[in-house]
file final-v7.cif (mmCIF, C-alpha atoms)
data_my_file
loop_
_atom_site.label_atom_id
_atom_site.label_comp_id
_atom_site.auth_asym_id
_atom_site.auth_seq_id
_atom_site.Cartn_x
_atom_site.Cartn_y
_atom_site.Cartn_z
CA MET G 1 -29.85 -5.75 14.48
CA ARG G 2 -28.60 -8.59 12.31
CA ILE G 3 -25.49 -7.25 10.60
CA LEU G 4 -23.52 -8.97 7.84
CA LEU G 5 -19.96 -7.65 7.45
CA VAL G 6 -18.24 -8.64 4.20
CA SER G 7 -14.45 -8.38 4.07
CA ALA G 8 -12.30 -10.22 1.53
CA ASN G 9 -9.59 -10.68 4.17
CA PHE G 10 -10.05 -11.43 7.85
CA ARG G 11 -8.31 -13.26 10.69
CA PRO G 12 -5.93 -15.06 10.60
CA SER G 13 -4.90 -12.77 7.72
CA VAL G 14 -3.20 -9.72 9.23
CA GLY G 15 -3.78 -6.20 7.91
CA GLY G 16 -5.47 -2.88 8.49
CA ILE G 17 -8.86 -3.72 6.97
CA GLU G 18 -8.91 -7.06 8.77
CA ARG G 19 -8.32 -5.36 12.12
CA TYR G 20 -10.84 -2.60 11.36
CA VAL G 21 -13.56 -5.17 10.63
CA GLU G 22 -12.64 -7.28 13.65
CA LEU G 23 -12.88 -4.32 16.04
CA LEU G 24 -16.18 -3.20 14.55
CA ALA G 25 -17.65 -6.70 14.61
CA GLU G 26 -16.70 -7.36 18.22
CA GLY G 27 -17.82 -3.90 19.31
CA LEU G 28 -21.23 -4.44 17.73
CA ALA G 29 -21.55 -7.94 19.19
CA GLN G 30 -20.80 -6.60 22.67
CA ARG G 31 -23.79 -4.27 22.27
CA GLY G 32 -26.12 -7.17 21.58
CA HIS G 33 -26.19 -7.15 17.77
CA GLU G 34 -26.11 -10.40 15.83
CA VAL G 35 -22.95 -10.09 13.74
CA THR G 36 -21.65 -12.34 10.96
CA VAL G 37 -18.41 -11.81 9.03
CA LEU G 38 -18.15 -13.30 5.54
CA CYS G 39 -14.57 -13.51 4.30
CA CYS G 40 -12.07 -15.63 2.38
CA LYS G 41 -10.40 -18.58 4.07
CA SER G 42 -6.67 -18.27 4.78
CA GLY G 43 -4.00 -19.77 6.98
CA GLY G 44 -5.72 -23.03 7.78
CA ALA G 45 -8.61 -21.34 9.57
CA PRO G 46 -11.90 -23.26 9.95
CA ARG G 47 -14.71 -22.66 7.47
CA ARG G 48 -17.03 -21.62 10.32
CA GLU G 49 -16.13 -20.23 13.71
CA LEU G 50 -17.71 -18.37 16.61
CA ALA G 51 -15.18 -15.95 18.15
CA ASN G 52 -15.90 -13.24 20.74
CA GLY G 53 -19.60 -13.30 19.92
CA VAL G 54 -19.03 -12.98 16.14
CA GLN G 55 -20.01 -15.69 13.67
CA ILE G 56 -17.27 -16.04 11.03
CA VAL G 57 -18.00 -17.73 7.69
CA ARG G 58 -14.97 -18.32 5.47
CA LEU G 59 -15.05 -19.05 1.75
CA PRO G 60 -12.63 -21.37 -0.06
CA ALA G 61 -10.31 -19.04 -1.96
CA THR G 62 -7.00 -18.81 -3.76
CA TYR G 63 -4.27 -16.33 -2.82
CA ALA G 64 -2.25 -17.05 -5.96
CA LEU G 65 -1.77 -13.35 -6.72
CA LYS G 66 0.09 -12.93 -3.43
CA LYS G 67 2.56 -15.65 -4.41
CA VAL G 68 3.02 -14.48 -8.00
CA VAL G 69 2.97 -10.65 -7.85
CA ASN G 70 2.83 -9.87 -4.09
CA VAL G 71 -0.74 -8.56 -4.25
CA HIS G 72 -2.86 -9.60 -1.27
CA TYR G 73 -6.03 -10.17 -3.26
CA PRO G 74 -8.01 -13.36 -2.63
CA ILE G 75 -10.29 -14.85 -5.28
CA PRO G 76 -13.11 -16.84 -3.67
CA SER G 77 -14.86 -19.90 -5.03
CA PRO G 78 -17.75 -18.45 -7.07
CA VAL G 79 -20.03 -21.34 -6.11
CA ALA G 80 -19.36 -20.94 -2.38
CA LEU G 81 -19.67 -17.15 -2.60
CA ALA G 82 -23.05 -17.32 -4.33
CA SER G 83 -24.29 -19.98 -1.91
CA GLU G 84 -23.29 -18.14 1.26
CA LEU G 85 -24.60 -14.79 0.05
CA GLY G 86 -27.86 -16.48 -0.91
CA ARG G 87 -28.14 -17.76 2.64
CA LEU G 88 -26.78 -14.80 4.65
CA VAL G 89 -28.04 -11.68 2.85
CA PRO G 90 -31.78 -12.40 3.30
CA GLN G 91 -31.18 -12.91 7.04
CA ALA G 92 -29.49 -9.52 7.49
CA ASP G 93 -30.99 -6.17 8.43
CA VAL G 94 -27.90 -4.41 7.02
CA VAL G 95 -25.07 -5.61 4.78
CA HIS G 96 -21.78 -3.76 5.37
CA VAL G 97 -19.10 -4.25 2.71
CA HIS G 98 -15.44 -3.25 3.03
CA ASP G 99 -13.65 -1.75 0.03
CA ALA G 100 -15.24 -1.87 -3.40
CA LEU G 101 -12.36 -3.48 -5.28
CA TYR G 102 -12.89 -7.07 -4.17
CA VAL G 103 -14.99 -9.77 -5.83
CA THR G 104 -16.68 -10.44 -2.48
CA SER G 105 -17.71 -6.77 -2.24
CA ALA G 106 -19.26 -6.54 -5.69
CA ALA G 107 -21.20 -9.78 -5.23
CA ALA G 108 -22.48 -8.78 -1.77
CA LEU G 109 -23.63 -5.32 -2.86
CA ARG G 110 -25.41 -6.73 -5.90
CA ARG G 111 -27.15 -9.42 -3.83
CA ALA G 112 -28.21 -6.93 -1.15
CA ARG G 113 -29.67 -4.57 -3.73
CA SER G 114 -31.53 -7.34 -5.52
CA ARG G 115 -33.10 -8.47 -2.23
CA GLY G 116 -33.94 -4.94 -1.04
CA ILE G 117 -31.56 -5.15 1.94
CA PRO G 118 -29.92 -1.80 2.86
CA SER G 119 -26.15 -1.76 2.45
CA VAL G 120 -23.13 0.27 3.53
CA LEU G 121 -19.78 0.41 1.76
CA THR G 122 -16.68 1.61 3.62
CA GLN G 123 -14.05 2.63 1.08
CA HIS G 124 -10.69 2.28 2.82
CA VAL G 125 -8.24 3.50 0.17
CA SER G 126 -8.02 5.26 -3.18
CA PHE G 127 -5.83 4.20 -6.09
CA THR G 128 -2.74 2.54 -4.59
CA PRO G 129 0.42 2.49 -6.77
CA GLN G 130 1.80 -1.02 -7.27
CA SER G 131 5.25 -2.36 -8.10
CA SER G 132 4.90 -2.14 -11.90
CA VAL G 133 3.14 -0.23 -14.66
CA LEU G 134 1.29 -3.43 -15.58
CA LEU G 135 -0.11 -3.89 -12.06
CA ASP G 136 -1.13 -0.22 -11.98
CA ALA G 137 -3.02 -0.76 -15.24
CA VAL G 138 -4.73 -3.86 -13.83
CA GLN G 139 -5.77 -1.93 -10.73
CA ARG G 140 -7.24 0.85 -12.86
CA GLY G 141 -9.18 -1.80 -14.74
CA VAL G 142 -10.51 -3.24 -11.47
CA ILE G 143 -11.51 0.24 -10.30
CA ALA G 144 -13.40 0.82 -13.55
CA THR G 145 -15.19 -2.55 -13.44
CA ILE G 146 -15.53 -4.27 -10.08
CA GLY G 147 -15.18 -0.94 -8.28
CA ARG G 148 -18.30 0.44 -9.92
CA CYS G 149 -20.27 -1.72 -7.49
CA ALA G 150 -19.84 1.24 -5.10
CA ARG G 151 -22.84 2.79 -6.85
CA GLN G 152 -25.03 -0.04 -5.57
CA GLY G 153 -24.45 0.70 -1.89
CA SER G 154 -27.22 2.49 0.01
CA ARG G 155 -24.50 4.65 1.59
CA VAL G 156 -20.78 4.97 0.99
CA VAL G 157 -18.44 6.20 3.72
CA ALA G 158 -14.70 6.62 4.30
CA TYR G 159 -12.47 7.79 7.14
CA ASN G 160 -10.14 9.92 5.03
CA ALA G 161 -11.45 13.01 3.24
CA ALA G 162 -9.05 12.51 0.31
CA VAL G 163 -10.30 8.94 -0.17
CA ALA G 164 -13.89 10.17 0.02
CA ALA G 165 -13.26 12.82 -2.65
CA TRP G 166 -11.53 10.23 -4.85
CA ALA G 167 -14.47 7.82 -4.57
CA GLU G 168 -16.97 10.58 -5.39
CA SER G 169 -15.10 11.63 -8.54
CA THR G 170 -14.10 8.11 -9.66
CA TRP G 171 -17.52 6.49 -9.39
CA GLY G 172 -19.78 9.51 -9.68
CA LEU G 173 -21.10 9.18 -6.14
CA GLU G 174 -23.25 11.99 -4.81
CA LYS G 175 -21.69 12.12 -1.34
CA VAL G 176 -19.25 10.01 0.66
CA ASP G 177 -19.49 10.79 4.36
CA ILE G 178 -16.56 10.67 6.77
CA LEU G 179 -16.88 8.37 9.79
CA PRO G 180 -14.18 8.18 12.46
CA PRO G 181 -12.06 5.05 12.82
CA GLY G 182 -11.24 3.68 16.26
CA VAL G 183 -9.03 1.27 18.17
CA PRO G 184 -8.75 0.20 21.81
CA GLU G 185 -6.04 1.71 23.94
CA PRO G 186 -3.24 -0.84 24.50
CA LYS G 187 -3.22 -2.53 27.90
CA THR G 188 0.04 -1.71 29.62
CA GLU G 189 -0.42 -4.02 32.59
CA GLY G 190 2.06 -6.87 32.65
CA VAL G 191 4.05 -5.64 29.63
CA ASP G 192 7.80 -5.75 30.32
CA ARG G 193 9.67 -3.87 27.56
CA THR G 194 12.86 -5.82 28.10
CA GLU G 195 11.07 -9.17 27.99
CA VAL G 196 9.12 -8.25 24.83
CA ARG G 197 12.34 -7.24 23.09
CA ARG G 198 14.07 -10.42 24.19
CA GLU G 199 11.20 -12.56 22.85
CA LEU G 200 11.52 -10.89 19.44
CA GLY G 201 15.31 -10.93 19.26
CA LEU G 202 15.67 -7.16 19.68
CA THR G 203 18.32 -5.32 21.68
CA ALA G 204 17.17 -4.42 25.19
CA ASP G 205 18.87 -1.04 25.53
CA ARG G 206 18.72 0.47 22.01
CA PHE G 207 16.36 3.19 20.79
CA LEU G 208 13.91 1.30 18.54
CA ALA G 209 12.02 2.96 15.68
CA LEU G 210 9.12 0.83 14.42
CA PHE G 211 7.48 0.48 10.99
CA VAL G 212 4.36 -1.65 10.43
CA GLY G 213 2.95 -2.34 6.97
CA ARG G 214 2.94 -4.45 3.85
CA ASP G 215 5.88 -4.30 1.45
CA VAL G 216 4.01 -2.35 -1.22
CA PRO G 217 5.21 0.80 -3.00
CA THR G 218 2.78 3.16 -1.27
CA LYS G 219 4.19 2.28 2.19
CA GLN G 220 7.75 3.20 1.06
CA LEU G 221 9.44 0.62 3.28
CA ASP G 222 12.71 1.15 1.41
CA LEU G 223 12.89 4.74 2.68
CA PHE G 224 12.56 3.51 6.24
CA LEU G 225 15.19 0.78 5.91
CA ALA G 226 17.60 3.24 4.28
CA ALA G 227 17.42 5.63 7.25
CA THR G 228 19.92 3.71 9.38
CA ASP G 229 22.17 5.39 11.94
CA PRO G 230 24.41 4.14 14.77
CA ALA G 231 22.21 6.00 17.28
CA TYR G 232 19.18 3.70 16.90
CA ASP G 233 17.81 0.46 15.46
CA LEU G 234 15.06 0.14 12.84
CA VAL G 235 12.39 -2.55 13.23
CA ALA G 236 10.03 -3.36 10.34
CA VAL G 237 7.00 -5.60 10.85
CA THR G 238 6.17 -6.55 7.27
CA ASP G 239 5.85 -9.32 4.72
CA ARG G 240 9.27 -8.64 3.17
CA PRO G 241 11.78 -11.51 3.58
CA ARG G 242 14.09 -11.28 6.56
CA ALA G 243 17.06 -11.14 4.15
CA SER G 244 16.46 -7.37 4.12
CA ALA G 245 17.70 -7.21 7.70
CA GLY G 246 21.24 -6.03 8.44
CA PRO G 247 23.24 -4.00 10.92
CA GLY G 248 20.81 -1.79 12.80
CA ARG G 249 17.85 -3.19 10.80
CA HIS G 250 15.44 -5.87 12.02
CA VAL G 251 12.69 -7.40 9.85
CA LEU G 252 9.89 -9.25 11.66
CA PRO G 253 6.95 -11.11 10.12
CA PHE G 254 3.38 -9.96 10.62
CA MET G 255 1.98 -10.90 14.00
CA GLN G 256 -1.44 -11.06 15.59
CA PRO G 257 -2.79 -7.78 17.02
CA GLU G 258 -2.22 -8.72 20.66
CA ARG G 259 1.49 -9.31 20.09
CA LEU G 260 1.84 -6.18 17.96
CA GLN G 261 0.38 -4.09 20.77
CA ARG G 262 3.06 -5.47 23.10
CA LEU G 263 5.74 -4.53 20.57
CA LEU G 264 4.32 -1.00 20.28
CA LEU G 265 4.67 -0.62 24.05
CA ALA G 266 8.28 -1.81 23.83
CA ALA G 267 9.32 0.59 21.02
CA ASP G 268 10.52 4.20 21.26
CA ALA G 269 9.08 5.75 18.08
CA PHE G 270 6.78 4.88 15.19
CA VAL G 271 7.62 5.76 11.56
CA LEU G 272 5.14 5.92 8.67
CA PRO G 273 6.73 7.24 5.42
CA SER G 274 3.71 6.41 3.21
CA LYS G 275 2.64 8.45 0.20
CA ALA G 276 -1.04 7.37 0.31
CA GLU G 277 -3.22 5.89 3.07
CA GLY G 278 -6.69 5.88 4.59
CA PHE G 279 -5.57 6.28 8.18
CA PRO G 280 -3.69 3.13 9.22
CA LEU G 281 -4.78 1.32 12.35
CA SER G 282 -1.10 0.83 13.18
CA LEU G 283 -0.71 4.61 13.40
CA GLN G 284 -3.82 4.92 15.56
CA GLU G 285 -2.47 2.21 17.86
CA ALA G 286 0.97 3.84 17.99
CA LEU G 287 -0.55 7.15 19.09
CA LEU G 288 -2.58 5.42 21.78
CA ALA G 289 0.52 3.51 22.91
CA GLY G 290 2.16 6.86 23.64
CA LEU G 291 4.78 6.54 20.90
CA PRO G 292 6.20 9.66 19.24
CA CYS G 293 5.10 9.32 15.60
CA VAL G 294 7.21 10.34 12.60
CA ILE G 295 5.01 10.53 9.49
CA THR G 296 4.67 12.02 6.02
CA ARG G 297 1.89 14.50 5.23
CA VAL G 298 -0.55 12.08 3.62
CA PRO G 299 -3.68 13.83 2.27
CA GLY G 300 -6.49 13.58 4.80
CA PHE G 301 -4.30 13.10 7.88
CA ASP G 302 -4.69 16.74 8.92
CA ARG G 303 -8.34 16.02 9.79
CA TYR G 304 -7.13 14.07 12.81
CA LEU G 305 -3.70 15.46 13.69
CA GLY G 306 -2.87 18.98 14.80
CA SER G 307 0.28 21.01 15.37
CA GLY G 308 2.84 19.40 17.66
CA GLU G 309 1.08 16.03 17.82
CA VAL G 310 3.45 14.24 15.41
CA LEU G 311 6.75 14.94 13.68
CA TRP G 312 6.06 15.60 9.99
CA ILE G 313 8.76 14.43 7.58
CA ASP G 314 9.55 14.52 3.89
CA PRO G 315 9.48 11.17 2.07
CA ASP G 316 13.23 10.52 2.08
CA PRO G 317 15.70 8.68 4.34
CA ALA G 318 17.54 11.84 5.37
CA SER G 319 14.35 13.40 6.73
CA ILE G 320 13.48 10.21 8.63
CA ARG G 321 17.02 10.04 10.04
CA HIS G 322 16.97 13.68 11.13
CA ALA G 323 13.64 13.23 12.93
CA LEU G 324 14.77 10.08 14.72
CA LEU G 325 18.08 11.65 15.78
CA SER G 326 16.12 14.57 17.22
CA LEU G 327 14.06 12.15 19.30
CA VAL G 328 17.12 10.21 20.46
CA ALA G 329 18.86 13.40 21.58
CA ASP G 330 15.94 15.26 23.19
CA ASP G 331 14.07 13.60 26.04
CA ASP G 332 11.72 16.59 26.38
CA LEU G 333 10.74 16.47 22.70
CA ARG G 334 10.13 12.74 22.97
CA ALA G 335 7.95 13.15 26.07
CA SER G 336 6.02 16.06 24.57
CA LEU G 337 5.23 14.21 21.35
CA ALA G 338 4.26 11.08 23.27
CA SER G 339 1.84 13.03 25.48
CA ARG G 340 0.33 15.12 22.69
CA GLY G 341 0.03 12.11 20.40
CA LEU G 342 -1.68 10.10 23.12
CA ASN G 343 -4.16 12.94 23.68
CA ALA G 344 -4.81 13.10 19.92
CA GLY G 345 -5.39 9.36 19.81
CA ARG G 346 -7.87 9.51 22.67
CA ARG G 347 -9.62 12.51 21.09
CA GLU G 348 -9.94 11.09 17.58
CA PHE G 349 -9.87 7.29 17.72
CA GLY G 350 -12.05 6.16 20.58
CA LEU G 351 -13.55 2.72 20.06
CA ASP G 352 -16.97 3.73 21.42
CA ALA G 353 -17.29 6.66 19.01
CA PHE G 354 -16.29 4.35 16.14
CA VAL G 355 -19.01 1.80 16.93
CA ASP G 356 -21.55 4.56 17.74
CA ALA G 357 -21.10 6.10 14.30
CA TYR G 358 -21.83 2.83 12.50
CA GLU G 359 -24.81 2.02 14.71
CA ARG G 360 -26.35 5.37 13.77
CA LEU G 361 -25.57 4.79 10.09
CA TYR G 362 -27.17 1.33 10.11
CA LEU G 363 -30.32 2.73 11.71
CA ASP G 364 -30.37 5.51 9.14
CA VAL G 365 -30.10 3.22 6.09
CA ARG G 366 -32.68 0.83 7.56
CA GLY G 367 -35.06 3.71 8.15
CA ALA G 368 -34.55 5.04 4.62
CA ALA G 369 -35.23 1.58 3.15
CA GLN G 370 -38.47 1.30 5.11
CA ARG G 371 -39.81 4.76 4.24
CA PRO G 372 -42.33 4.83 1.36
CA VAL G 373 -41.15 6.53 -1.80
CA GLY G 374 -42.99 9.69 -2.85
#

call {"tool": "encode", "arguments": {"input": "final-v7.cif", "output": "structure tokens"}}
result
Amino acid sequence: MRILLVSANFRPSVGGIERYVELLAEGLAQRGHEVTVLCCKSGGAPRRELANGVQIVRLPATYALKKVVNVHYPIPSPVALASELGRLVPQADVVHVHDALYVTSAAALRRARSRGIPSVLTQHVSFTPQSSVLLDAVQRGVIATIGRCARQGSRVVAYNAAVAAWAESTWGLEKVDILPPGVPEPKTEGVDRTEVRRELGLTADRFLALFVGRDVPTKQLDLFLAATDPAYDLVAVTDRPRASAGPGRHVLPFMQPERLQRLLLAADAFVLPSKAEGFPLSLQEALLAGLPCVITRVPGFDRYLGSGEVLWIDPDPASIRHALLSLVADDDLRASLASRGLNAGRREFGLDAFVDAYERLYLDVRGAAQRPVG
């Protein structure tokens, strides 16, 4: 099949949706599909690139909102967007758009519908609280306008039941199916924990608790950084300035997936104090790295995680601290959580099952588009 994936953000931009699309694109290409990713240009990347069998087309765009209000929302050149969609959509058998709230998504879904090309929308998140009442109001406006493009998709899917229910009620969708996410298991060969820590300026012999995520209110980074204790060090991989670092607290910039996987293998625990999520790839990768995971009970997580597979916490520093101190003090608890979490990761987040599910969905929407009506 000829598959067009549309994602506002993509490599070298670092984030959960970017990684999700990259893994899907490369997995499909390895199975012989002709895959193109249309995205916004960032970080000095070339306009066109062939990487790991995937054709990448990048649009000139501005990231001014990131600089002004810390919202990672690119706005593409409307001329370039219309031109590339006019060229790429007619060539595709399926157009797969990621998250309805982006300009690229709305334009791609409209163009696919107008040309009779079947389309899929993956909705990654629901309403995500921002840093101010004004930004929350703007987001609600985007949901009510640009987000309504979700109705133009041939099928809409999610990987979190709470997100699916939100999309159904918000946009009046008949049914949003749940498809499993997936990530590769980290390669442990040649990874020296001490060397990885040295490269990143981290202490070789300290218990390290790791956080990965953007500095946005829903991730609750402040709760993590406030949970300091002499028994361990906190390490946050985020876009917050390093000035937030201090005794027992390390702040590292976002890094490419290969380096992050090495850091996961060099850490001792993973902490996710979020109040709303889809199901972060960083958490999937932490489980598959064999890290004990300390997380809040985000709606939809219970679909993938059972009893004893993670340490559930309340969203406050004291709860995070108590959980981490338990892990520091109890080798058996740490080993049990690592083993059970790894088994959960292998059970729920296999890369093959992830790609299989989308292959079946693409075939289904193509078949439905080709069947005569009536």

call {"tool": "closest_residue", "arguments": {"input": "final-v7.cif", "among": "G:Gly345, G:Pro60, G:Pro280, G:Gly306", "to": "Ala82 (chain G)", "atoms": "only C-alpha atoms"}}
result
G:Pro60

call {"tool": "closest_residue", "arguments": {"input": "final-v7.cif", "among": "G:Leu208, G:Glu309, G:Leu325, G:Leu202", "to": "Asp268 (chain G)", "atoms": "all atoms listed in the file"}}
result
G:Leu208

call {"tool": "axis_aligned_box", "arguments": {"input": "final-v7.cif", "around": "region 331-343 of chain G", "padding_each_side": "6 Å", "output": "JSON"}}
result
{"center_x": 5.0, "center_y": 13.3, "center_z": 23.4, "size_x": 30.2, "size_y": 18.5, "size_z": 18.0}

call {"tool": "resolve_selection", "arguments": {"input": "final-v7.cif", "expression": "the PyMOL selection byres ((chain G and resi 348) around 8)", "output": "mmCIF file with C-alpha atoms, in the coordinates of the input"}}
result
data_model
loop_
_atom_site.group_PDB
_atom_site.id
_atom_site.type_symbol
_atom_site.label_atom_id
_atom_site.label_comp_id
_atom_site.auth_asym_id
_atom_site.auth_seq_id
_atom_site.Cartn_x
_atom_site.Cartn_y
_atom_site.Cartn_z
ATOM 1 C CA PRO G 180 -14.180 8.180 12.460
ATOM 2 C CA PRO G 181 -12.060 5.050 12.820
ATOM 3 C CA GLY G 182 -11.240 3.680 16.260
ATOM 4 C CA TYR G 304 -7.130 14.070 12.810
ATOM 5 C CA ALA G 344 -4.810 13.100 19.920
ATOM 6 C CA GLY G 345 -5.390 9.360 19.810
ATOM 7 C CA ARG G 346 -7.870 9.510 22.670
ATOM 8 C CA ARG G 347 -9.620 12.510 21.090
ATOM 9 C CA PHE G 349 -9.870 7.290 17.720
ATOM 10 C CA GLY G 350 -12.050 6.160 20.580
#

call {"tool": "resolve_selection", "arguments": {"input": "final-v7.cif", "expression": "the PyMOL selection byres ((chain G and resi 8-23) around 7)", "output": "NGL selection string"}}
result
:G and (6-7 or 24-27 or 39-40 or 42-43 or 45 or 74 or 102 or 104 or 254 or 256 or 280-281)

call {"tool": "resolve_selection", "arguments": {"input": "final-v7.cif", "expression": "the PyMOL selection byres ((chain G and resi 367-370) around 9)", "output": "list in words"}}
result
Gly116, Ile117, Pro118, Ser154, Tyr362, Leu363, Asp364, Val365, Arg366, Arg371 and Pro372 of chain G

call {"tool": "closest_residue", "arguments": {"input": "final-v7.cif", "among": "G:Asn70, G:Ser282, G:Asn52, G:Thr203", "to": "Ser132 (chain G)", "atoms": "only C-alpha atoms"}}
result
G:Asn70

call {"tool": "residues_around", "arguments": {"input": "final-v7.cif", "residues": "Glu277 (chain G)", "least_positions_apart": "6", "cutoff": "12 Å", "atoms": "all atoms listed in the file", "output": "compact mmCIF listing (two decimals) with C-alpha atoms, keeping the file's coordinate frame"}}
result
# COMPACT_ATOMS: atom_id res chain seq x y z
CA GLY G 16 -5.47 -2.88 8.49
CA ILE G 17 -8.86 -3.72 6.97
CA GLN G 123 -14.05 2.63 1.08
CA HIS G 124 -10.69 2.28 2.82
CA VAL G 125 -8.24 3.50 0.17
CA SER G 126 -8.02 5.26 -3.18
CA PHE G 127 -5.83 4.20 -6.09
CA THR G 128 -2.74 2.54 -4.59
CA PRO G 129 0.42 2.49 -6.77
CA ALA G 158 -14.70 6.62 4.30
CA TYR G 159 -12.47 7.79 7.14
CA ASN G 160 -10.14 9.92 5.03
CA ALA G 161 -11.45 13.01 3.24
CA ALA G 162 -9.05 12.51 0.31
CA VAL G 163 -10.30 8.94 -0.17
CA ALA G 164 -13.89 10.17 0.02
CA GLY G 213 2.95 -2.34 6.97
CA VAL G 216 4.01 -2.35 -1.22
CA PRO G 217 5.21 0.80 -3.00
CA THR G 218 2.78 3.16 -1.27
CA LYS G 219 4.19 2.28 2.19
CA GLN G 220 7.75 3.20 1.06
CA LEU G 283 -0.71 4.61 13.40
CA ILE G 295 5.01 10.53 9.49
CA THR G 296 4.67 12.02 6.02
CA ARG G 297 1.89 14.50 5.23
CA VAL G 298 -0.55 12.08 3.62
CA PRO G 299 -3.68 13.83 2.27
CA GLY G 300 -6.49 13.58 4.80
CA PHE G 301 -4.30 13.10 7.88

call {"tool": "residues_around", "arguments": {"input": "final-v7.cif", "residues": "Arg115 (chain G)", "least_positions_apart": "4", "cutoff": "12 Å", "atoms": "all atoms listed in the file", "output": "MDAnalysis selection string"}}
result
chainID G and resid 85:95 108:111 119 369

call {"tool": "write_last_selection", "arguments": {"input": "final-v7.cif", "atoms": "C-alpha atoms", "output": "CSV table (one decimal), in the frame of the given file"}}
result
chain,number,residue,atom,x,y,z
G,85,LEU,CA,-24.6,-14.8,0.0
G,86,GLY,CA,-27.9,-16.5,-0.9
G,87,ARG,CA,-28.1,-17.8,2.6
G,88,LEU,CA,-26.8,-14.8,4.6
G,89,VAL,CA,-28.0,-11.7,2.8
G,90,PRO,CA,-31.8,-12.4,3.3
G,91,GLN,CA,-31.2,-12.9,7.0
G,92,ALA,CA,-29.5,-9.5,7.5
G,93,ASP,CA,-31.0,-6.2,8.4
G,94,VAL,CA,-27.9,-4.4,7.0
G,95,VAL,CA,-25.1,-5.6,4.8
G,108,ALA,CA,-22.5,-8.8,-1.8
G,109,LEU,CA,-23.6,-5.3,-2.9
G,110,ARG,CA,-25.4,-6.7,-5.9
G,111,ARG,CA,-27.2,-9.4,-3.8
G,119,SER,CA,-26.2,-1.8,2.4
G,369,ALA,CA,-35.2,1.6,3.2

call {"tool": "atom_distance", "arguments": {"input": "final-v7.cif", "atom1": "CA of Ser105 (chain G)", "atom2": "CA of Val35 (chain G)"}}
result
17.1 Å

call {"tool": "residues_around", "arguments": {"input": "final-v7.cif", "residues": "region 328-330 of chain G", "least_positions_apart": "5", "cutoff": "8 Å", "atoms": "all atoms listed in the file", "output": "CSV table (one decimal) with C-alpha atoms, keeping the file's coordinate frame"}}
result
chain,number,residue,atom,x,y,z
G,207,PHE,CA,16.4,3.2,20.8
G,231,ALA,CA,22.2,6.0,17.3
G,232,TYR,CA,19.2,3.7,16.9

call {"tool": "residues_around", "arguments": {"input": "final-v7.cif", "residues": "Ala100 (chain G)", "least_positions_apart": "3", "cutoff": "9 Å", "atoms": "all atoms listed in the file", "output": "JSON, numbers by chain"}}
result
{"G": [97, 103, 104, 105, 106, 121, 122, 123, 124, 143, 146, 147, 148, 149, 150]}

call {"tool": "write_last_selection", "arguments": {"input": "final-v7.cif", "atoms": "C-alpha atoms", "output": "PDB file, keeping the file's coordinate frame"}}
result
ATOM      1  CA  VAL G  97     -19.100  -4.250   2.710  1.00  0.00           C
ATOM      2  CA  VAL G 103     -14.990  -9.770  -5.830  1.00  0.00           C
ATOM      3  CA  THR G 104     -16.680 -10.440  -2.480  1.00  0.00           C
ATOM      4  CA  SER G 105     -17.710  -6.770  -2.240  1.00  0.00           C
ATOM      5  CA  ALA G 106     -19.260  -6.540  -5.690  1.00  0.00           C
ATOM      6  CA  LEU G 121     -19.780   0.410   1.760  1.00  0.00           C
ATOM      7  CA  THR G 122     -16.680   1.610   3.620  1.00  0.00           C
ATOM      8  CA  GLN G 123     -14.050   2.630   1.080  1.00  0.00           C
ATOM      9  CA  HIS G 124     -10.690   2.280   2.820  1.00  0.00           C
ATOM     10  CA  ILE G 143     -11.510   0.240 -10.300  1.00  0.00           C
ATOM     11  CA  ILE G 146     -15.530  -4.270 -10.080  1.00  0.00           C
ATOM     12  CA  GLY G 147     -15.180  -0.940  -8.280  1.00  0.00           C
ATOM     13  CA  ARG G 148     -18.300   0.440  -9.920  1.00  0.00           C
ATOM     14  CA  CYS G 149     -20.270  -1.720  -7.490  1.00  0.00           C
ATOM     15  CA  ALA G 150     -19.840   1.240  -5.100  1.00  0.00           C
TER      16      ALA G 150
END

call {"tool": "atom_distance", "arguments": {"input": "final-v7.cif", "atom1": "CA of Val310 (chain G)", "atom2": "CA of Val294 (chain G)"}}
result
6.1 Å

call {"tool": "atom_distance", "arguments": {"input": "final-v7.cif", "atom1": "CA of Glu34 (chain G)", "atom2": "CA of Arg113 (chain G)"}}
result
20.7 Å

call {"tool": "residues_near_point", "arguments": {"input": "final-v7.cif", "point": "(-9.0, -16.3, -5.2)", "cutoff": "8 Å", "atoms": "only C-alpha atoms", "output": "CSV table (one decimal) with C-alpha atoms, keeping the file's coordinate frame"}}
result
chain,number,residue,atom,x,y,z
G,61,ALA,CA,-10.3,-19.0,-2.0
G,62,THR,CA,-7.0,-18.8,-3.8
G,63,TYR,CA,-4.3,-16.3,-2.8
G,64,ALA,CA,-2.2,-17.0,-6.0
G,65,LEU,CA,-1.8,-13.4,-6.7
G,73,TYR,CA,-6.0,-10.2,-3.3
G,74,PRO,CA,-8.0,-13.4,-2.6
G,75,ILE,CA,-10.3,-14.8,-5.3
G,76,PRO,CA,-13.1,-16.8,-3.7
G,77,SER,CA,-14.9,-19.9,-5.0

call {"tool": "residues_near_point", "arguments": {"input": "final-v7.cif", "point": "(14.8, -8.0, 5.1)", "cutoff": "12 Å", "atoms": "only C-alpha atoms", "output": "list in words"}}
result
Asp215, Leu221, Asp222, Phe224, Leu225, Ala226, Leu234, Val235, Ala236, Val237, Thr238, Asp239, Arg240, Pro241, Arg242, Ala243, Ser244, Ala245, Gly246, Pro247, Gly248, Arg249, His250, Val251, Leu252 and Pro253 of chain G
